[in-house]
>>> print(open('work15.cif').read())   # mmCIF, C-alpha atoms
data_start
#
loop_
_atom_site.label_atom_id
_atom_site.label_comp_id
_atom_site.auth_asym_id
_atom_site.auth_seq_id
_atom_site.Cartn_x
_atom_site.Cartn_y
_atom_site.Cartn_z
CA MET A 1 0.00 0.00 0.00
CA GLY A 2 2.98 2.31 0.21
CA ALA A 3 2.99 3.00 -3.54
CA LEU A 4 -0.75 3.74 -3.62
CA ASP A 5 -0.46 6.14 -0.69
CA HIS A 6 2.38 7.96 -2.40
CA ILE A 7 0.44 8.28 -5.67
CA SER A 8 -2.72 9.41 -3.87
CA ASP A 9 -0.79 12.35 -2.41
CA PHE A 10 -0.30 13.68 -5.96
CA PHE A 11 -4.03 13.56 -6.71
CA ASP A 12 -5.20 14.94 -3.36
CA CYS A 13 -8.04 17.41 -3.91
CA SER A 14 -7.87 19.01 -0.47
CA TYR A 15 -6.30 22.43 -0.21
CA ARG A 16 -3.90 21.29 2.54
CA SER A 17 -0.95 19.11 1.71
CA SER A 18 0.53 16.58 4.09
CA LYS A 19 3.28 19.07 5.01
CA TYR A 20 0.82 21.56 6.50
CA LYS A 21 -1.25 19.24 8.67
CA LYS A 22 -2.23 20.61 12.06
CA LYS A 23 -0.52 19.26 15.15
CA LEU A 24 -2.85 17.35 17.42
CA LYS A 25 -3.17 18.60 20.99
CA GLN A 26 -2.00 16.27 23.72
CA PHE A 27 -4.39 14.69 26.19
CA GLN A 28 -3.71 16.35 29.51
CA THR A 29 -5.16 17.23 32.88
CA VAL A 30 -5.47 20.89 33.83
CA GLU A 31 -6.01 21.81 37.48
CA VAL A 32 -7.43 25.26 38.17
CA LYS A 33 -8.09 27.26 41.34
CA VAL A 34 -11.42 29.13 41.42
CA LYS A 35 -13.22 30.46 44.49
CA MET A 36 -16.66 28.83 44.81
CA ASP A 37 -19.07 29.58 47.64
CA CYS A 38 -22.27 27.72 46.75
CA GLU A 39 -23.75 25.10 44.43
CA GLY A 40 -24.68 27.82 41.94
CA CYS A 41 -21.04 28.89 41.63
CA GLU A 42 -20.02 25.27 41.22
CA ARG A 43 -22.58 24.71 38.45
CA LYS A 44 -21.59 27.95 36.69
CA VAL A 45 -17.89 27.03 36.72
CA LYS A 46 -18.58 23.50 35.48
CA LYS A 47 -20.83 24.66 32.62
CA SER A 48 -18.32 27.29 31.51
CA VAL A 49 -15.80 24.59 30.56
CA GLU A 50 -18.01 21.62 29.65
CA GLY A 51 -18.92 22.99 26.22
CA MET A 52 -15.31 23.67 25.29
CA LYS A 53 -13.93 21.76 22.33
CA GLY A 54 -11.67 18.87 23.39
CA VAL A 55 -12.90 18.60 26.99
CA THR A 56 -13.74 15.03 28.00
CA GLN A 57 -14.27 15.35 31.75
CA VAL A 58 -14.75 18.11 34.35
CA GLU A 59 -14.46 17.47 38.09
CA VAL A 60 -15.25 20.17 40.66
CA ASP A 61 -14.11 20.10 44.29
CA ARG A 62 -15.89 23.03 45.95
CA LYS A 63 -14.32 22.50 49.36
CA ALA A 64 -10.78 22.82 47.96
CA ASN A 65 -11.80 25.46 45.31
CA LYS A 66 -10.33 23.18 42.65
CA VAL A 67 -11.53 22.30 39.15
CA THR A 68 -9.90 19.46 37.20
CA VAL A 69 -10.38 19.48 33.43
CA THR A 70 -9.19 16.55 31.33
CA GLY A 71 -9.08 16.39 27.57
CA TYR A 72 -7.31 17.71 24.51
CA VAL A 73 -7.08 21.31 25.78
CA GLU A 74 -4.49 23.97 26.48
CA PRO A 75 -4.22 25.27 30.06
CA SER A 76 -4.17 28.93 29.04
CA LYS A 77 -7.37 28.56 27.03
CA VAL A 78 -9.13 26.84 29.93
CA VAL A 79 -8.14 29.65 32.33
CA ASN A 80 -9.19 32.38 29.87
CA ARG A 81 -12.55 30.78 29.14
CA MET A 82 -13.38 30.21 32.81
CA SER A 83 -12.48 33.75 33.83
CA HIS A 84 -14.43 35.24 30.91
CA ARG A 85 -17.56 33.12 31.36
CA THR A 86 -17.78 33.23 35.16
CA GLY A 87 -16.29 36.64 35.93
CA LYS A 88 -14.20 35.06 38.70
CA ARG A 89 -10.48 35.21 39.35
CA VAL A 90 -8.99 32.02 37.92
CA GLU A 91 -5.42 30.69 38.15
CA LEU A 92 -3.65 27.42 37.55
CA TRP A 93 -3.47 25.20 40.63
CA PRO A 94 -0.48 26.60 42.59
CA TYR A 95 -0.29 23.95 45.31
CA VAL A 96 1.65 20.71 45.78
CA PRO A 97 1.53 18.16 48.63
CA TYR A 98 3.70 18.73 51.74
CA ASP A 99 5.89 15.75 50.87
CA VAL A 100 7.20 17.31 47.65
CA VAL A 101 8.62 20.52 49.18
CA GLU A 102 11.81 20.41 51.26
CA HIS A 103 10.87 23.32 53.55
CA PRO A 104 7.05 23.42 53.79
CA TYR A 105 6.96 26.15 56.45
CA ALA A 106 9.34 28.59 54.74
CA PRO A 107 7.99 32.10 54.09
CA GLY A 108 6.29 32.18 50.72
CA VAL A 109 5.68 28.44 50.62
CA TYR A 110 3.31 28.02 53.54
CA ASP A 111 -0.11 29.41 52.68
CA LYS A 112 -2.95 29.67 55.21
CA LYS A 113 -5.54 29.58 52.43
CA ALA A 114 -4.19 26.36 50.93
CA PRO A 115 -6.25 23.18 51.35
CA SER A 116 -5.10 20.84 54.10
CA GLY A 117 -2.02 18.84 53.13
CA TYR A 118 -0.91 21.34 50.45
CA VAL A 119 1.62 24.19 50.23
CA ARG A 120 2.56 26.57 47.40
CA ASN A 121 4.84 25.22 44.70
CA ALA A 122 8.23 26.84 45.36
CA ASN A 123 9.93 25.60 42.19
CA TYR A 124 7.87 27.66 39.73
CA ASP A 125 7.23 30.82 41.77
CA PRO A 126 10.07 33.39 41.56
CA ASN A 127 8.63 35.40 44.49
CA VAL A 128 9.32 32.63 47.02
CA SER A 129 12.16 33.10 49.51
CA ASN A 130 15.52 31.41 49.03
CA LEU A 131 15.00 29.17 52.06
CA ALA A 132 12.37 27.23 50.16
CA ARG A 133 14.92 26.49 47.44
CA ALA A 134 17.91 25.70 49.64
CA SER A 135 21.16 24.91 47.88
CA SER A 136 23.00 21.65 48.46
CA ALA A 137 25.51 23.38 50.76
CA GLU A 138 22.73 24.72 52.99
CA VAL A 139 21.08 21.32 53.12
CA ARG A 140 24.39 19.67 54.01
CA TYR A 141 25.01 22.07 56.91
CA THR A 142 21.48 21.88 58.28
CA THR A 143 21.40 18.08 58.19
CA ALA A 144 24.86 17.77 59.76
CA PHE A 145 23.39 18.14 63.26
CA SER A 146 20.10 16.40 62.62
CA ASP A 147 18.79 13.78 65.05
CA GLU A 148 17.65 11.69 62.10
CA ASN A 149 21.20 11.35 60.75
CA PRO A 150 23.07 8.70 62.84
CA THR A 151 26.51 9.88 61.66
CA ALA A 152 25.71 13.55 62.08
CA CYS A 153 28.12 14.49 64.79
CA VAL A 154 30.64 12.02 66.13
CA VAL A 155 31.74 14.33 68.97
CA MET A 156 28.28 14.37 70.54
#
>>> encode(input="work15.cif", output="structure tokens")
Amino acid sequence: MGALDHISDFFDCSYRSSKYKKKLKQFQTVEVKVKMDCEGCERKVKKSVEGMKGVTQVEVDRKANKVTVTGYVEPSKVVNRMSHRTGKRVELWPYVPYDVVEHPYAPGVYDKKAPSGYVRNANYDPNVSNLARASSAEVRYTTAFSDENPTACVVM
């Protein structure tokens, strides 16, 4: 079939050739933070994204103010559409679990408004203090006298 496919490219009646085909969007999960107070807000947020092209599933967690959109979508387009349709302040999900961050209580990482078990992501936020992104030398000196390290200090 290779020869027939090659010949059919010469007689293709479509205005686009095989060189100019559109790239397909990747299937991905987009997590978004939106403040929701009631069931009406939840319904409004869910309906704003459900009709979007490429969306396969929308999950809303009102308690955590989190919306998870899965499908063939771009994160920026999801955020723009939600903010335009609902009139609410919308941002990509800025939190990660406590286990991922080295210093969860550092200034700029710990957030009182974060859901339980989550802190702000220090790796992608340039406004976070340097303690949250400690260098290897700082980590080496702070763990030198740790109780968890059995060979921390031989003198003690």
>>> closest_residue(input="work15.cif", among="A:Ala114, A:Val79, A:Val55, A:Ala3", to="A:Tyr98", atoms="all atoms listed in the file")
A:Ala114
>>> atom_distance(input="work15.cif", atom1="atom CA of A:Glu59", atom2="atom CA of A:Lys46")
7.8 Å
>>> atom_distance(input="work15.cif", atom1="atom CA of A:Thr29", atom2="atom CA of A:Thr86")
20.5 Å
>>> residues_around(input="work15.cif", residues="A:Lys88", least_positions_apart="5", cutoff="10 Å", atoms="only C-alpha atoms", output="ChimeraX atom specification")
/A:34-36,41,45,82-83
>>> resolve_selection(input="work15.cif", expression="the PyMOL selection byres ((chain A and resi 68) around 8)", output="ChimeraX atom specification")
/A:29-32,58-60,66-67,69-70
>>> atom_distance(input="work15.cif", atom1="atom CA of A:Arg62", atom2="atom CA of A:Glu42")
6.7 Å
>>> closest_residue(input="work15.cif", among="A:Asn65, A:Thr56, A:Tyr110, A:Glu74", to="A:Val90", atoms="only C-alpha atoms")
A:Asn65
>>> closest_residue(input="work15.cif", among="A:Asp61, A:Gly51, A:Gln26, A:Lys77", to="A:Glu39", atoms="all atoms listed in the file")
A:Asp61
>>> closest_residue(input="work15.cif", among="A:Pro115, A:Asn121, A:Tyr72, A:Gln57", to="A:Pro94", atoms="all atoms listed in the file")
A:Asn121
>>> closest_residue(input="work15.cif", among="A:Lys33, A:Tyr95, A:Lys47, A:Met52", to="A:Val73", atoms="all atoms listed in the file")
A:Met52
>>> closest_residue(input="work15.cif", among="A:Lys53, A:His84, A:Lys44, A:Arg89", to="A:Lys25", atoms="all atoms listed in the file")
A:Lys53
